[in-house]
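Here is the structure we will look at, set down as structure tokens.
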Amino acid sequence: MTTRTAADGTALAGVRTDTTVPPERPRSRRRYSADKPQRSTALTVMMVAVLLYFLIPLWWLLVASTKSNADLFSTFGLWFSGTNSLWVNIQAVFTADDGVYLLWLRNSLFYAVVSAVGAAFLATMAGYAFAKYRFPGGNAIFSAILGAVMIPMTALTIPTYLLFANAGLTNTPWAIILPSLVSPFGVYLMRVYAADAVDETLLEAARVDGAGELRIFFGVAFRLLVPGMVTVLLFALVATWNNYFLPLIMLNSPHLYPLTVGLAQWQGAAAAGGGSKALFSSIVTGSFLSIIPLVIAFLFLQRYWQSGLASGAVKG
Amino acid sequence: MTSVETRLPAGRAPAATAPPRRRGPSPMRRRENAAAYILITPFVVVFALLIVVPIIYSGYLSLYREQLVGGNTFVGLENYSRALSDSSFLSGVGRMAVFLVIQVPIMLGLALLFALLLDAGVLYLGKFIRLGIFIPYAVPSVIAALMWGYLYGTDFGPAAQIAERLGISAPPFLSQDWMLFSIMNIVTWSFIGYNMIILYAALRSIPSELFDAAAVDGAGRIRTAVSIKIPAIRPALILTAIFSVIGTFQLFTEPNLLRSLAPNVIGTDYTPNMYAYNLAFINRDSNYAAAIAFILGVVIMIVSYTVQLSTQRKERAAR
């Protein structure tokens with residue numbers, strides 16, 4: 001197993017992919033020594049103070065989205081005003097510009113889900129192949145993929161735009177989805193993950209049983225790769241959902257915008273025109289609504305992405 | 001799969017311990033190669049079309065100049081020499097270097113500290129704290145920039161409100177002197193949790209034998225952290241450092257959004273990426289923009305490799 005997964009010298013950033021860790025690593029939490037760690041109240045208080053720094057802006061966003069535009073300017077930002085305008089604001093968000101917000105939400109969801117599923121699937125197949133097969137050219141291709149992790153994606157965006165413009169792909173959903181399918185880091189992560197998660201004896205057994213290689217992948221290995229794949233999927237989902245530069249460049253029809261570009265455009269309009277200040281409460285409420293899906297996804301899938309990261313991505 | 005054991009050829013060791021097979025291409029080997037190629041093909045195709053081809057095209061574009069009369073002309077490295085004496089580009093790169101030197105150590109230092117505290121199990125509410133610090137990562141950078149823009153603002157920002165109530169004036173977060181730090185704060189807020197989770201996951205997968213030895217030596221908790229844990233997660237630290245270098249030089253969203261609040265502070269050349277964007281889409285000079293993007297990529301690679309090499313040298317020196 002070690003020989004098959006041994007990395008060549010170009011492993012990303014010194015992150016070694018060799019599995020010198022015994023395959024039967026203890027899954028449960030190790031105890032370093034007999035003494036149980038002593039919990040510290042002082043340190044906890046300090047960290048709760050730190051936590052406030054991270055949560056107060058979100059608290060502000062929640063509070064602000066319950067305020068009318070006038071109250072936004074006239075009442076204290078970190079506490080509610082007397083009247084709750086959340087429902088009015090939500091209605092305003094969904095009806096502004098003929099309900100374009102709902103379109104943006106749908107676009108964001110569509111781009112993110114299609115890209116993430118595609119990226120995770122491609123990365124899982126390739127990562128598994130690099131981990132479990134030694135084939136001519138394999139190391140060279142893998143090195144090229146690793147090298148690409150360091151290429152700034154935004155540096156690629158301008159030439160990609162020009163190529164897409166020639167092919168008539170700009171201002172279509174493809175312009176967002178296609179570039180988001182390539183996740184070199186996802187391949188790297190899945191290679192490390194597959195090396196560990198798919199036992200070689202299992203593959204041999206299936207081979208002896210006469211199963212074809214592809215059937216082994218889809219029927220036997222795939223199931224074992226799911227936690228790692230969910231990790232790649234989730235991070236690809238975030239990357240696409242949060243992307244701003246790519247859709248900003250590729251799209252010019254507002255009805256194709258994802259939330260990020262749409263909200264930024266509202267903000268630009270509100271900041272530029274003094275008269276359109278009524279938009280501020282819609283921007284704030286729209287921003288608040290737009291972060292809810294991802295926060296929920298992370299909270300619900302945390303078992304997956306935390307174990308995926310722990311067992312694959314960052315093994316020393 | 002029920003009769004696998006009995007069907008195994010006699011004397012054949014399980015593959016996991018078998019020496020690497022070095023026979024010629026047997027039918028089985030050929031089948032495996034074919035499967036490997038089939039499995040990597042979808043990724044390799046999109047990789048080639050969306051990474052390799054654009055890079056080559058970008059390199060090609062950067063050697064030409066579009067002229068009103070005569071169309072494209074080959075100009076060699078002229079776009080590159082222009083970029084290297086272009087004060088807009090150079091000041092943007094310089095600004096990002098300052099950003100890198102200040103923001104990245106703070107962000108990664110704090111992320112490491114938090115990860116170590118969470119891993120050591122010395123906190124109450126550990127899981128809650130971990131998630132709370134991570135949550136900003138799920139907030140799109142556009143929303144983070146919008147939100148902090150309001151928080152910084154004098155219109156209805158809480159900082160200004162509190163300061164007013166106290167009879168003092170809040171720091172001018174969106175002024176010339178403060179802007180870079182205000183952006184650093186947004187980026188730090190967004191990404192500490194992400195880096196912390198990567199480091200935390202690395203800490204959790206340190207094999208326990210390392211700690212047994214330390215316990216025998218009677219090493220204290222801080223001593224263990226410094227001389228065992230941090231060296232053990234060095235690869236993850238380098239990974240986070242390199243991702244931060246890449247992210248810094250690509251900075252675009254935050255300054256581009258804050259620009260609507262402070263157009264006099266943030267010009268179109270505030271970051272190299274904003275400059276390239278404006279060259280390509282406002283000035284319609286995609287040849288020059290391609291050269292800028294190329295140089296930026298080279299800068300990022302050089303800095304990334306420097307980060308990697310310097311830590312390797314340090315490690316070697318320590319041995």
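Going by the structure tokens order, chains are called A, B, ..., each with residues numbered from 1, while ligands are numbered from 1 in the order shown.
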(message) Residues of stretch 45-278 of chain A classed as alpha helix (DSSP H) by DSSP on the backbone are to be reported as a ChimeraX atom specification.
(response) /A:45-64,69-74,86-95,100-132,138-148,153-166,174-180,184-197,200-208,213-216,222-242,245-250,259-272
Give me, as a Markdown table, the closest atom pair and its distance (Å, one decimal) for every residue of stretch 48-84 of chain B within a cut-off of 12 Å of stretch 289-301 of chain B, counting only C-alpha atoms, rows sorted by chain and rising number.
| residue | atom | partner | partner_atom | distance |
| --- | --- | --- | --- | --- |
| B:Pro54 | CA | B:Ala290 | CA | 10.2 |
| B:Ile55 | CA | B:Phe294 | CA | 8.4 |
| B:Ile56 | CA | B:Phe294 | CA | 10.3 |
| B:Tyr57 | CA | B:Ala290 | CA | 9.0 |
| B:Ser58 | CA | B:Ala290 | CA | 5.4 |
| B:Gly59 | CA | B:Ala290 | CA | 7.2 |
| B:Tyr60 | CA | B:Ala290 | CA | 8.8 |
| B:Leu61 | CA | B:Ala290 | CA | 6.4 |
| B:Ser62 | CA | B:Ala291 | CA | 4.7 |
| B:Leu63 | CA | B:Ala291 | CA | 7.9 |
| B:Tyr64 | CA | B:Ala291 | CA | 9.7 |
| B:Arg65 | CA | B:Ala291 | CA | 10.8 |
| B:Val75 | CA | B:Ala291 | CA | 11.9 |
| B:Gly76 | CA | B:Ala291 | CA | 11.1 |
| B:Leu77 | CA | B:Ala291 | CA | 9.0 |
| B:Glu78 | CA | B:Ala291 | CA | 9.5 |
| B:Asn79 | CA | B:Ala291 | CA | 6.1 |
| B:Tyr80 | CA | B:Ala291 | CA | 6.0 |
| B:Ser81 | CA | B:Ala291 | CA | 9.6 |
| B:Arg82 | CA | B:Ala291 | CA | 9.4 |
| B:Ala83 | CA | B:Ile292 | CA | 6.5 |
| B:Leu84 | CA | B:Ile295 | CA | 9.0 |
(request) Just the residues within 9 Å of A:Asn89, please, counting only C-alpha atoms, with nothing from its chain fewer than 3 positions along; format it as a PyMOL selection string. (result) chain A and resi 65-68+85-86+92-94+281-282+285-286
(message) Measuring between only C-alpha atoms, which one of B:Gly157, B:Gly193, B:Pro231, B:Gly94 shows the shortest distance to B:Leu210?
(response) B:Pro231
(message) Could you list, as a list in words, every residue within 8 Å of stretch 303-307 of chain B, counting only C-alpha atoms and ignoring same-chain residues fewer than 2 positions away?
(response)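 Selected residues are Ala13 and Met150 of chain A; Ile238, Ala241, Ile242, Val245, Ile246, Val299, Ile300, Met301, Leu309, Ser310 and Thr311 of chain B.
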Any chance you could export the current selection's N, CA, C and O atoms as a PDB file, in the first residue's frame?
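Listed below is the output, again26.pdb:
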ATOM      1  N   ALA A  13       3.555  21.554  -1.406  1.00  0.00           N
ATOM      2  CA  ALA A  13       3.914  22.352  -0.249  1.00  0.00           C
ATOM      3  C   ALA A  13       4.498  21.505   0.868  1.00  0.00           C
ATOM      4  O   ALA A  13       4.314  21.790   2.037  1.00  0.00           O
ATOM      5  N   MET A 150      -1.245  26.051  -7.146  1.00  0.00           N
ATOM      6  CA  MET A 150      -0.638  27.351  -6.860  1.00  0.00           C
ATOM      7  C   MET A 150      -0.979  28.412  -7.899  1.00  0.00           C
ATOM      8  O   MET A 150      -0.635  29.571  -7.715  1.00  0.00           O
TER       9      MET A 150
ATOM     10  N   ILE B 238       2.287  24.912   6.484  1.00  0.00           N
ATOM     11  CA  ILE B 238       2.776  25.416   5.193  1.00  0.00           C
ATOM     12  C   ILE B 238       1.610  25.541   4.224  1.00  0.00           C
ATOM     13  O   ILE B 238       1.500  26.515   3.479  1.00  0.00           O
ATOM     14  N   ALA B 241      -0.265  28.576   4.971  1.00  0.00           N
ATOM     15  CA  ALA B 241       0.523  29.761   4.609  1.00  0.00           C
ATOM     16  C   ALA B 241       0.457  29.996   3.102  1.00  0.00           C
ATOM     17  O   ALA B 241       0.275  31.128   2.640  1.00  0.00           O
ATOM     18  N   ILE B 242       0.591  28.925   2.338  1.00  0.00           N
ATOM     19  CA  ILE B 242       0.591  29.086   0.881  1.00  0.00           C
ATOM     20  C   ILE B 242      -0.784  29.511   0.386  1.00  0.00           C
ATOM     21  O   ILE B 242      -0.904  30.396  -0.466  1.00  0.00           O
ATOM     22  N   VAL B 245      -0.988  33.147   0.993  1.00  0.00           N
ATOM     23  CA  VAL B 245      -0.214  33.936   0.022  1.00  0.00           C
ATOM     24  C   VAL B 245      -1.019  34.091  -1.269  1.00  0.00           C
ATOM     25  O   VAL B 245      -1.183  35.195  -1.803  1.00  0.00           O
ATOM     26  N   ILE B 246      -1.564  32.985  -1.746  1.00  0.00           N
ATOM     27  CA  ILE B 246      -2.341  33.018  -2.986  1.00  0.00           C
ATOM     28  C   ILE B 246      -3.544  33.937  -2.827  1.00  0.00           C
ATOM     29  O   ILE B 246      -3.814  34.791  -3.667  1.00  0.00           O
ATOM     30  N   VAL B 299       4.800  35.896  -9.417  1.00  0.00           N
ATOM     31  CA  VAL B 299       5.080  36.433  -8.081  1.00  0.00           C
ATOM     32  C   VAL B 299       4.537  35.477  -7.018  1.00  0.00           C
ATOM     33  O   VAL B 299       5.229  35.139  -6.047  1.00  0.00           O
ATOM     34  N   ILE B 300       3.293  35.021  -7.219  1.00  0.00           N
ATOM     35  CA  ILE B 300       2.678  34.128  -6.236  1.00  0.00           C
ATOM     36  C   ILE B 300       3.484  32.848  -6.100  1.00  0.00           C
ATOM     37  O   ILE B 300       3.764  32.376  -4.989  1.00  0.00           O
ATOM     38  N   MET B 301       3.916  32.290  -7.234  1.00  0.00           N
ATOM     39  CA  MET B 301       4.680  31.041  -7.148  1.00  0.00           C
ATOM     40  C   MET B 301       6.002  31.263  -6.434  1.00  0.00           C
ATOM     41  O   MET B 301       6.408  30.443  -5.609  1.00  0.00           O
ATOM     42  N   LEU B 309      10.468  26.764   1.079  1.00  0.00           N
ATOM     43  CA  LEU B 309      11.896  26.506   1.238  1.00  0.00           C
ATOM     44  C   LEU B 309      12.398  27.026   2.576  1.00  0.00           C
ATOM     45  O   LEU B 309      13.184  26.360   3.243  1.00  0.00           O
ATOM     46  N   SER B 310      11.927  28.197   2.980  1.00  0.00           N
ATOM     47  CA  SER B 310      12.452  28.765   4.228  1.00  0.00           C
ATOM     48  C   SER B 310      12.102  27.876   5.407  1.00  0.00           C
ATOM     49  O   SER B 310      12.905  27.708   6.312  1.00  0.00           O
ATOM     50  N   THR B 311      10.911  27.279   5.377  1.00  0.00           N
ATOM     51  CA  THR B 311      10.576  26.409   6.503  1.00  0.00           C
ATOM     52  C   THR B 311      11.376  25.121   6.452  1.00  0.00           C
ATOM     53  O   THR B 311      11.739  24.572   7.475  1.00  0.00           O
TER      54      THR B 311
END
(request) Name the closest residue to chain A among the candidates B:Ala201, B:Leu151, B:Leu251, B:Leu118; distances are taken between atoms, counting only C-alpha atoms. (result)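 Result for the nearest residue to chain A: B:Ala201.
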(message) One number please: atom CA of A:Ala297 to atom CA of B:Ala138, in Å, one decimal.
(response) 9.1 Å
(message) Report, in Å to a single decimal, how far apart atom CA of B:Tyr137 and atom CA of A:Val182 are.
(response)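 Between atom CA of A:Val182 and atom CA of B:Tyr137 the gap works out to 21.0 Å.
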(message) Counting only C-alpha atoms, which residue out of A:Met47, A:Val230, A:Ala129, A:Leu102 sits closest to A:His255?
(response)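 Smallest separation from A:His255 among the options: A:Leu102.
Distance check against A:Ala155 using only C-alpha atoms: of A:Leu256, A:Val114, A:Met229, A:Leu246, the minimum falls on A:Leu246.
Of the listed residues (A:Gly82, A:Pro152, A:Pro184, A:Gly99), A:Gly82 comes nearest to A:Val63; the distances count only C-alpha atoms.
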(message) Using DSSP assignments from the backbone, pull out every residue in stretch 32-226 of chain B that falls under strand (DSSP E or B) and give it to me as a VMD selection string.
(response) chain B and resid 64 to 67 71 to 74
(message) I'd like the neighbourhood of B:Gly92 as a PyMOL selection string, where a residue qualifies if any of its atoms comes within 12 Å (using only C-alpha atoms), though same-chain residues fewer than 2 positions away should be ignored.
(response) chain B and resi 83-84+86-90+94-99+180+248-252+255+266-276+292+296
(request) Point out the residue among A:Ser81, A:Ser115, A:Thr124, A:Asn252 with the least atom-to-atom distance to chain B, counting only C-alpha atoms. (result) A:Thr124
Residue contacts of B:Leu117 (9 Å, only C-alpha atoms) excluding same-chain residues fewer than 5 positions away, as a PDB file with C-alpha atoms, in the first residue's frame:
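Dumped to result04.pdb:
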ATOM      1  CA  LEU A  43      -8.859  30.473  29.081  1.00  0.00           C
TER       2      LEU A  43
ATOM      3  CA  LEU B 112      -2.708  28.116  15.460  1.00  0.00           C
ATOM      4  CA  VAL B 122      -8.565  22.998  28.245  1.00  0.00           C
ATOM      5  CA  LEU B 123     -11.714  24.893  27.268  1.00  0.00           C
ATOM      6  CA  GLY B 126     -14.939  23.741  23.068  1.00  0.00           C
TER       7      GLY B 126
END
